[in-house]
Amino acid sequence: MEHIIECRHLTHYYGKRLIYKDLSFDVPQGRILGLLGKNGTGKTTTINILNGYLKPYKGECRIFGEAIQKIAPEKRRDIGLLLEGHVQYTFMTIAQIEKFYSAFYPRWRKEAYYELMSLLKVAPGQHIARMSCGQRSQVALGLILAQDPELLILDDFSLGLDPGYRRLFVEYLKEYAVTGKKSVFLTSHIIQDMERLIDDCIIMDYGRIAVQMPVKQLMCKIHAFCYNIPEGYHHAAIDGFFPPSRIHNSIEIYSLLPIEEARRRLTDAAIPFTNLRITQPDNLEDAFIGITGKY
Amino acid sequence: MEKAILYKEWIKTRIYYLLALTVSCGMVAYCIMKMRYVIEIKGVEHLWLVMLERDAVFVDRLTYLPVVIGILFAIVQFVPEMQQKRMKLMLHLPYPHFLNIAIMLLYGIGCLLICFAVHLAGIWLYTRNFLPPELYNRILLTALPWYIAGFIAYLLGAWCVLEPTWKRRVAYIAIAVAITSTCFLSTTPEVYNRMAWLLVIYAILCFFLPMLSVQRFIDGKQD
């Protein structure tokens, strides 16, 4: 399968602070990949590197086979970008911004933009600056849909949106990506939105990738192991498990290992556990919390 | 695409530009009326005499006007690009980055050129009715470095505004003030006649400084 995005061994620092080390991933054609992570794990940094706004300390990103720092301007016609906070030219009106962008994109689909605008029930002369965050998100999405790119890069698309607008955004985006076999790379804080949308996920922890696999595979493989330990017992990390979360004497620890293998490792670790319960998380958000911890 | 870039710049700056044009033309008209007042009260001979003996040019109030117009134009044009890192939108367009910024700067220079040309044309059209060429040229040549300073201030203003870090921005502002002040070293009329070309070279060199700020933005420099 052809890879639209290829990132290899990305390492980045802000000053002396390591953001991540040796991050490698691909986005195959026609797949939707979500980059999930807590605040400060480097999601926006990755988006900035992907768009060529930031030179990584080490490593390389290629989009459509071209190194991102040297990508030809015409190639950017096939990349749709949504900035964090749905940033757009707010000094323009709905009609002006459509007229501005249409000059840059030969496959411009004016009707796709105005179809989405008709849902907002605002006049074409409405200034974007005077619109709500939700309405602005639809303007930004409408512009991307009109651009008709092969690859969409969306940075925290759900930021500031109420559930209605989030759902509208996700449904339009999913429909567009699936029917047009478009590739999407996106980040979001709201994991429940991602679950409806993404095929593959990368879950970032501070400085590293915690998990990288298709969502369906993740949800099949991940298990939560809950048990009690004696008071005052120091629970060390166990190989093959994510860091445990502890409330008093109760431990909750997640693993992608097969159940029997995981059970064997718990026993080998000589943890004096009692009342072991093994469950599967109900949704991606629970799996995410299990993998990255509750702060 | 070039037309679209100009369209965006016009939408962004039109209110300020028309306001600046109106107010500044009002100030030019005020200077002209001041000359008219002297002529009405004391006669045109007195005006000639004052210009020759006391080095008066009657447009002193315009000294810093082009600089103020230039700086404000840079702020109005480029601050929206830097708010919320909106510059990323410009850099994402399928159009060469530096050509894009060059068109934005040329737009600004074009607007200032029209505004400043209207000022100078107004002064020339009015003063040629009652002053000999030597005297109205004296007024225009005295004002010329002020107007070149307006272009320099605009370009240096763009350089400062587009700089992505505050530390450097403050340093750039200090450098910009120093460079711009070289256009105001003396109040003597026509003192820059022999070195106006040097100021023009300054202005041409300043054109490339905002590109450096954009490159720093692309390199990911931030506070």
# chains A, B, ... in the order shown; residues from 1 in each chain; ligands from 1
$ residues_around --residues "region 177-184 of chain B" --least-positions-apart "3" --cutoff "8 Å" --atoms "only C-alpha atoms" --output "PDB file with N, CA and C atoms, in the first residue's frame"
ATOM      1  N   PRO B 145      13.452  62.987   1.915  1.00  0.00           N
ATOM      2  CA  PRO B 145      13.955  61.986   2.872  1.00  0.00           C
ATOM      3  C   PRO B 145      12.909  61.555   3.901  1.00  0.00           C
ATOM      4  N   TRP B 146      11.971  62.450   4.236  1.00  0.00           N
ATOM      5  CA  TRP B 146      10.899  62.057   5.178  1.00  0.00           C
ATOM      6  C   TRP B 146      10.056  60.941   4.557  1.00  0.00           C
ATOM      7  N   ILE B 148      11.066  58.902   2.058  1.00  0.00           N
ATOM      8  CA  ILE B 148      11.866  57.666   1.950  1.00  0.00           C
ATOM      9  C   ILE B 148      11.867  56.973   3.314  1.00  0.00           C
ATOM     10  N   ALA B 149      11.939  57.770   4.376  1.00  0.00           N
ATOM     11  CA  ALA B 149      11.887  57.209   5.740  1.00  0.00           C
ATOM     12  C   ALA B 149      10.573  56.463   5.969  1.00  0.00           C
ATOM     13  N   ILE B 152      11.089  53.093   4.524  1.00  0.00           N
ATOM     14  CA  ILE B 152      12.022  52.343   5.387  1.00  0.00           C
ATOM     15  C   ILE B 152      11.299  51.890   6.661  1.00  0.00           C
ATOM     16  N   ALA B 153      10.526  52.806   7.243  1.00  0.00           N
ATOM     17  CA  ALA B 153       9.810  52.468   8.485  1.00  0.00           C
ATOM     18  C   ALA B 153       8.807  51.339   8.239  1.00  0.00           C
ATOM     19  N   ILE B 173      13.501  46.282  16.912  1.00  0.00           N
ATOM     20  CA  ILE B 173      12.864  47.609  17.031  1.00  0.00           C
ATOM     21  C   ILE B 173      13.944  48.664  17.283  1.00  0.00           C
ATOM     22  N   ALA B 174      14.905  48.323  18.153  1.00  0.00           N
ATOM     23  CA  ALA B 174      15.993  49.272  18.447  1.00  0.00           C
ATOM     24  C   ALA B 174      16.804  49.552  17.175  1.00  0.00           C
ATOM     25  N   THR B 187      17.697  69.280  10.300  1.00  0.00           N
ATOM     26  CA  THR B 187      16.451  69.931   9.888  1.00  0.00           C
ATOM     27  C   THR B 187      16.700  70.959   8.782  1.00  0.00           C
ATOM     28  N   LEU B 199      19.730  56.728   0.888  1.00  0.00           N
ATOM     29  CA  LEU B 199      18.506  56.343   1.611  1.00  0.00           C
ATOM     30  C   LEU B 199      17.666  55.376   0.779  1.00  0.00           C
TER      31      LEU B 199
END
$ closest_atom_pairs --of "chain B" --to "chain A" --cutoff "12 Å" --atoms "only C-alpha atoms" --output "JSON lines"
{"residue": "B:Met1", "atom": "CA", "partner": "A:Ala103", "partner_atom": "CA", "distance": 5.4}
{"residue": "B:Glu2", "atom": "CA", "partner": "A:Ala103", "partner_atom": "CA", "distance": 8.8}
{"residue": "B:Lys3", "atom": "CA", "partner": "A:Ala103", "partner_atom": "CA", "distance": 8.4}
{"residue": "B:Ala4", "atom": "CA", "partner": "A:Phe100", "partner_atom": "CA", "distance": 5.3}
{"residue": "B:Ile5", "atom": "CA", "partner": "A:Phe100", "partner_atom": "CA", "distance": 7.5}
{"residue": "B:Leu6", "atom": "CA", "partner": "A:Phe100", "partner_atom": "CA", "distance": 9.5}
{"residue": "B:Tyr7", "atom": "CA", "partner": "A:Phe100", "partner_atom": "CA", "distance": 7.2}
{"residue": "B:Lys8", "atom": "CA", "partner": "A:Phe100", "partner_atom": "CA", "distance": 6.8}
{"residue": "B:Glu9", "atom": "CA", "partner": "A:Phe91", "partner_atom": "CA", "distance": 10.4}
{"residue": "B:Trp10", "atom": "CA", "partner": "A:Met92", "partner_atom": "CA", "distance": 10.6}
{"residue": "B:Ile11", "atom": "CA", "partner": "A:Met92", "partner_atom": "CA", "distance": 7.0}
{"residue": "B:Lys12", "atom": "CA", "partner": "A:Phe91", "partner_atom": "CA", "distance": 6.4}
{"residue": "B:Thr13", "atom": "CA", "partner": "A:Phe91", "partner_atom": "CA", "distance": 9.8}
{"residue": "B:Arg14", "atom": "CA", "partner": "A:Phe91", "partner_atom": "CA", "distance": 11.2}
{"residue": "B:Ile15", "atom": "CA", "partner": "A:Phe91", "partner_atom": "CA", "distance": 11.4}
{"residue": "B:Val76", "atom": "CA", "partner": "A:Phe91", "partner_atom": "CA", "distance": 11.3}
{"residue": "B:Gln77", "atom": "CA", "partner": "A:Phe91", "partner_atom": "CA", "distance": 11.2}
{"residue": "B:Val79", "atom": "CA", "partner": "A:Phe91", "partner_atom": "CA", "distance": 11.9}
{"residue": "B:Pro80", "atom": "CA", "partner": "A:Tyr89", "partner_atom": "CA", "distance": 8.1}
{"residue": "B:Glu81", "atom": "CA", "partner": "A:Tyr89", "partner_atom": "CA", "distance": 8.4}
{"residue": "B:Met82", "atom": "CA", "partner": "A:Tyr89", "partner_atom": "CA", "distance": 11.1}
{"residue": "B:Gln83", "atom": "CA", "partner": "A:Val87", "partner_atom": "CA", "distance": 9.5}
{"residue": "B:Gln84", "atom": "CA", "partner": "A:Val87", "partner_atom": "CA", "distance": 7.0}
{"residue": "B:Lys85", "atom": "CA", "partner": "A:Val87", "partner_atom": "CA", "distance": 8.4}
{"residue": "B:Arg86", "atom": "CA", "partner": "A:Val87", "partner_atom": "CA", "distance": 6.7}
{"residue": "B:Met87", "atom": "CA", "partner": "A:Tyr53", "partner_atom": "CA", "distance": 9.8}
{"residue": "B:Lys88", "atom": "CA", "partner": "A:Tyr53", "partner_atom": "CA", "distance": 7.4}
{"residue": "B:Leu89", "atom": "CA", "partner": "A:Gln88", "partner_atom": "CA", "distance": 7.4}
{"residue": "B:Met90", "atom": "CA", "partner": "A:Tyr89", "partner_atom": "CA", "distance": 9.9}
{"residue": "B:Leu91", "atom": "CA", "partner": "A:Tyr53", "partner_atom": "CA", "distance": 8.2}
{"residue": "B:His92", "atom": "CA", "partner": "A:Arg76", "partner_atom": "CA", "distance": 6.7}
{"residue": "B:Leu93", "atom": "CA", "partner": "A:Arg76", "partner_atom": "CA", "distance": 6.7}
{"residue": "B:Pro94", "atom": "CA", "partner": "A:Pro73", "partner_atom": "CA", "distance": 4.4}
{"residue": "B:Tyr95", "atom": "CA", "partner": "A:Pro73", "partner_atom": "CA", "distance": 5.2}
{"residue": "B:Pro96", "atom": "CA", "partner": "A:Pro73", "partner_atom": "CA", "distance": 5.8}
{"residue": "B:His97", "atom": "CA", "partner": "A:Pro73", "partner_atom": "CA", "distance": 8.3}
{"residue": "B:Phe98", "atom": "CA", "partner": "A:Pro73", "partner_atom": "CA", "distance": 11.3}
{"residue": "B:Leu99", "atom": "CA", "partner": "A:Pro73", "partner_atom": "CA", "distance": 11.2}
{"residue": "B:Asn100", "atom": "CA", "partner": "A:Pro73", "partner_atom": "CA", "distance": 11.2}
{"residue": "B:Pro164", "atom": "CA", "partner": "A:Tyr53", "partner_atom": "CA", "distance": 11.9}
{"residue": "B:Val214", "atom": "CA", "partner": "A:Tyr53", "partner_atom": "CA", "distance": 10.3}
{"residue": "B:Gln215", "atom": "CA", "partner": "A:Tyr53", "partner_atom": "CA", "distance": 9.5}
{"residue": "B:Arg216", "atom": "CA", "partner": "A:Tyr53", "partner_atom": "CA", "distance": 9.5}
{"residue": "B:Phe217", "atom": "CA", "partner": "A:Tyr53", "partner_atom": "CA", "distance": 7.0}
{"residue": "B:Ile218", "atom": "CA", "partner": "A:Tyr53", "partner_atom": "CA", "distance": 4.5}
{"residue": "B:Asp219", "atom": "CA", "partner": "A:Leu54", "partner_atom": "CA", "distance": 5.2}
{"residue": "B:Gly220", "atom": "CA", "partner": "A:Leu54", "partner_atom": "CA", "distance": 4.2}
{"residue": "B:Lys221", "atom": "CA", "partner": "A:Leu54", "partner_atom": "CA", "distance": 7.9}
{"residue": "B:Gln222", "atom": "CA", "partner": "A:Tyr14", "partner_atom": "CA", "distance": 9.5}
{"residue": "B:Asp223", "atom": "CA", "partner": "A:Tyr14", "partner_atom": "CA", "distance": 10.1}
$ closest_residue --among "A:Gln147, A:Thr274, A:Ser158, A:Gln217" --to "Trp108 (chain A)" --atoms "only C-alpha atoms"
A:Gln147
$ atom_distance --atom1 "CA of Arg36 (chain B)" --atom2 "CA of Phe151 (chain B)"
29.5 Å
$ residues_around --residues "region 222-239 of chain A" --least-positions-apart "2" --cutoff "8 Å" --atoms "only C-alpha atoms" --output "ChimeraX atom specification"
/A:218-220,241-244,248-257,259,265-266,269,271-281,287,290
$ write_last_selection --atoms "N, CA, C and O atoms" --output "compact mmCIF listing (two decimals), in the first residue's frame"
# COMPACT_ATOMS: atom_id res chain seq x y z
N LEU A 218 -6.32 -2.75 18.54
CA LEU A 218 -6.04 -2.28 19.90
C LEU A 218 -7.18 -2.69 20.84
O LEU A 218 -6.95 -3.22 21.93
N MET A 219 -8.42 -2.45 20.36
CA MET A 219 -9.56 -2.72 21.23
C MET A 219 -9.75 -4.22 21.47
O MET A 219 -10.32 -4.63 22.48
N CYS A 220 -9.26 -5.06 20.53
CA CYS A 220 -9.33 -6.51 20.74
C CYS A 220 -8.25 -6.97 21.71
O CYS A 220 -8.48 -7.85 22.54
N PHE A 241 3.46 -4.44 30.53
CA PHE A 241 2.29 -3.74 31.06
C PHE A 241 2.53 -2.22 31.00
O PHE A 241 3.68 -1.78 31.11
N PHE A 242 1.45 -1.49 30.88
CA PHE A 242 1.56 -0.03 30.96
C PHE A 242 1.63 0.38 32.43
O PHE A 242 1.28 -0.43 33.30
N PRO A 243 2.07 1.60 32.74
CA PRO A 243 2.21 1.98 34.14
C PRO A 243 0.89 1.83 34.91
O PRO A 243 -0.17 2.20 34.39
N PRO A 244 0.92 1.24 36.11
CA PRO A 244 -0.32 0.99 36.85
C PRO A 244 -0.90 2.26 37.45
O PRO A 244 -0.16 3.21 37.71
N HIS A 248 -5.53 3.68 46.76
CA HIS A 248 -5.36 2.93 48.01
C HIS A 248 -4.72 1.58 47.70
O HIS A 248 -3.62 1.53 47.20
N ASN A 249 -5.47 0.50 47.91
CA ASN A 249 -4.89 -0.83 47.70
C ASN A 249 -5.32 -1.46 46.38
O ASN A 249 -5.01 -2.61 46.10
N SER A 250 -6.08 -0.69 45.59
CA SER A 250 -6.58 -1.23 44.32
C SER A 250 -5.65 -0.81 43.18
O SER A 250 -5.29 0.36 43.07
N ILE A 251 -5.31 -1.78 42.36
CA ILE A 251 -4.45 -1.52 41.21
C ILE A 251 -5.24 -1.78 39.93
O ILE A 251 -6.01 -2.75 39.84
N GLU A 252 -5.02 -0.90 38.97
CA GLU A 252 -5.58 -1.12 37.63
C GLU A 252 -4.42 -0.98 36.66
O GLU A 252 -3.75 0.06 36.64
N ILE A 253 -4.17 -2.03 35.91
CA ILE A 253 -3.01 -2.02 35.01
C ILE A 253 -3.42 -2.65 33.68
O ILE A 253 -4.20 -3.60 33.65
N TYR A 254 -2.93 -2.06 32.59
CA TYR A 254 -3.37 -2.48 31.25
C TYR A 254 -2.21 -3.15 30.51
O TYR A 254 -1.05 -2.80 30.71
N SER A 255 -2.59 -4.03 29.60
CA SER A 255 -1.57 -4.72 28.81
C SER A 255 -2.16 -5.16 27.47
O SER A 255 -3.37 -5.40 27.35
N LEU A 256 -1.29 -5.28 26.49
CA LEU A 256 -1.70 -5.78 25.17
C LEU A 256 -1.33 -7.26 25.03
O LEU A 256 -1.56 -7.86 23.98
N LEU A 257 -0.76 -7.82 26.07
CA LEU A 257 -0.35 -9.23 26.01
C LEU A 257 -1.59 -10.13 26.02
O LEU A 257 -2.63 -9.75 26.58
N ILE A 259 -4.06 -12.87 27.46
CA ILE A 259 -4.44 -12.94 28.88
C ILE A 259 -3.55 -13.92 29.66
O ILE A 259 -3.06 -13.60 30.74
N ARG A 265 2.98 -13.37 33.72
CA ARG A 265 3.98 -12.35 34.10
C ARG A 265 3.66 -11.72 35.46
O ARG A 265 4.56 -11.38 36.21
N LEU A 266 2.36 -11.60 35.72
CA LEU A 266 1.97 -11.04 37.04
C LEU A 266 2.41 -12.00 38.15
O LEU A 266 2.91 -11.58 39.19
N ALA A 269 6.14 -11.96 38.58
CA ALA A 269 6.62 -10.74 39.24
C ALA A 269 6.43 -10.81 40.76
O ALA A 269 6.83 -9.89 41.48
N ILE A 271 3.89 -10.58 42.66
CA ILE A 271 3.03 -9.55 43.27
C ILE A 271 1.96 -10.25 44.11
O ILE A 271 1.28 -11.16 43.61
N PRO A 272 1.83 -9.87 45.36
CA PRO A 272 0.87 -10.56 46.22
C PRO A 272 -0.57 -10.09 45.97
O PRO A 272 -1.20 -9.51 46.85
N PHE A 273 -1.05 -10.29 44.74
CA PHE A 273 -2.37 -9.75 44.41
C PHE A 273 -3.48 -10.70 44.83
O PHE A 273 -3.29 -11.92 44.91
N THR A 274 -4.63 -10.11 45.08
CA THR A 274 -5.82 -10.90 45.37
C THR A 274 -6.97 -10.32 44.57
O THR A 274 -6.90 -9.17 44.11
N ASN A 275 -8.01 -11.09 44.41
CA ASN A 275 -9.23 -10.62 43.77
C ASN A 275 -8.98 -10.09 42.35
O ASN A 275 -9.41 -8.98 41.99
N LEU A 276 -8.27 -10.88 41.54
CA LEU A 276 -7.94 -10.45 40.17
C LEU A 276 -9.19 -10.46 39.28
O LEU A 276 -9.94 -11.44 39.26
N ARG A 277 -9.39 -9.36 38.60
CA ARG A 277 -10.50 -9.25 37.63
C ARG A 277 -9.92 -8.78 36.30
O ARG A 277 -9.13 -7.82 36.29
N ILE A 278 -10.28 -9.44 35.24
CA ILE A 278 -9.74 -9.06 33.91
C ILE A 278 -10.91 -8.59 33.06
O ILE A 278 -11.91 -9.31 32.91
N THR A 279 -10.80 -7.38 32.56
CA THR A 279 -11.89 -6.82 31.74
C THR A 279 -11.30 -6.19 30.47
O THR A 279 -10.10 -5.95 30.40
N GLN A 280 -12.18 -5.92 29.53
CA GLN A 280 -11.76 -5.16 28.34
C GLN A 280 -12.37 -3.77 28.43
O GLN A 280 -13.55 -3.64 28.81
N PRO A 281 -11.60 -2.74 28.10
CA PRO A 281 -12.18 -1.39 28.15
C PRO A 281 -13.35 -1.26 27.18
O PRO A 281 -13.34 -1.86 26.11
N ALA A 287 -9.31 2.88 27.02
CA ALA A 287 -8.04 2.27 26.63
C ALA A 287 -6.92 3.32 26.68
O ALA A 287 -5.81 3.05 27.17
N GLY A 290 -6.00 3.97 30.19
CA GLY A 290 -5.26 2.82 30.69
C GLY A 290 -3.81 2.82 30.23
O GLY A 290 -2.92 2.41 30.96
$ residues_around --residues "Lys174 (chain A)" --least-positions-apart "5" --cutoff "9 Å" --atoms "only C-alpha atoms" --output "list in words"
Ile32, Phe169, Thr179, Arg196, Leu197 and Ile198 of chain A
$ closest_atom_pairs --of "region 28-52 of chain B" --to "region 119-132 of chain B" --cutoff "9 Å" --atoms "only C-alpha atoms" --output "Markdown table"
| residue | atom | partner | partner_atom | distance |
| --- | --- | --- | --- | --- |
| B:Val28 | CA | B:His119 | CA | 6.3 |
| B:Ala29 | CA | B:Gly122 | CA | 8.1 |
| B:Cys31 | CA | B:Ile123 | CA | 8.7 |
| B:Ile32 | CA | B:Ile123 | CA | 7.0 |
| B:Met35 | CA | B:Thr127 | CA | 8.8 |
| B:Val44 | CA | B:Phe130 | CA | 7.2 |
| B:Leu47 | CA | B:Leu131 | CA | 8.9 |
| B:Trp48 | CA | B:Leu131 | CA | 7.5 |
$ closest_residue --among "B:Cys206, B:Ala56, B:Leu105, B:Cys115" --to "Thr22 (chain B)" --atoms "only C-alpha atoms"
B:Cys115
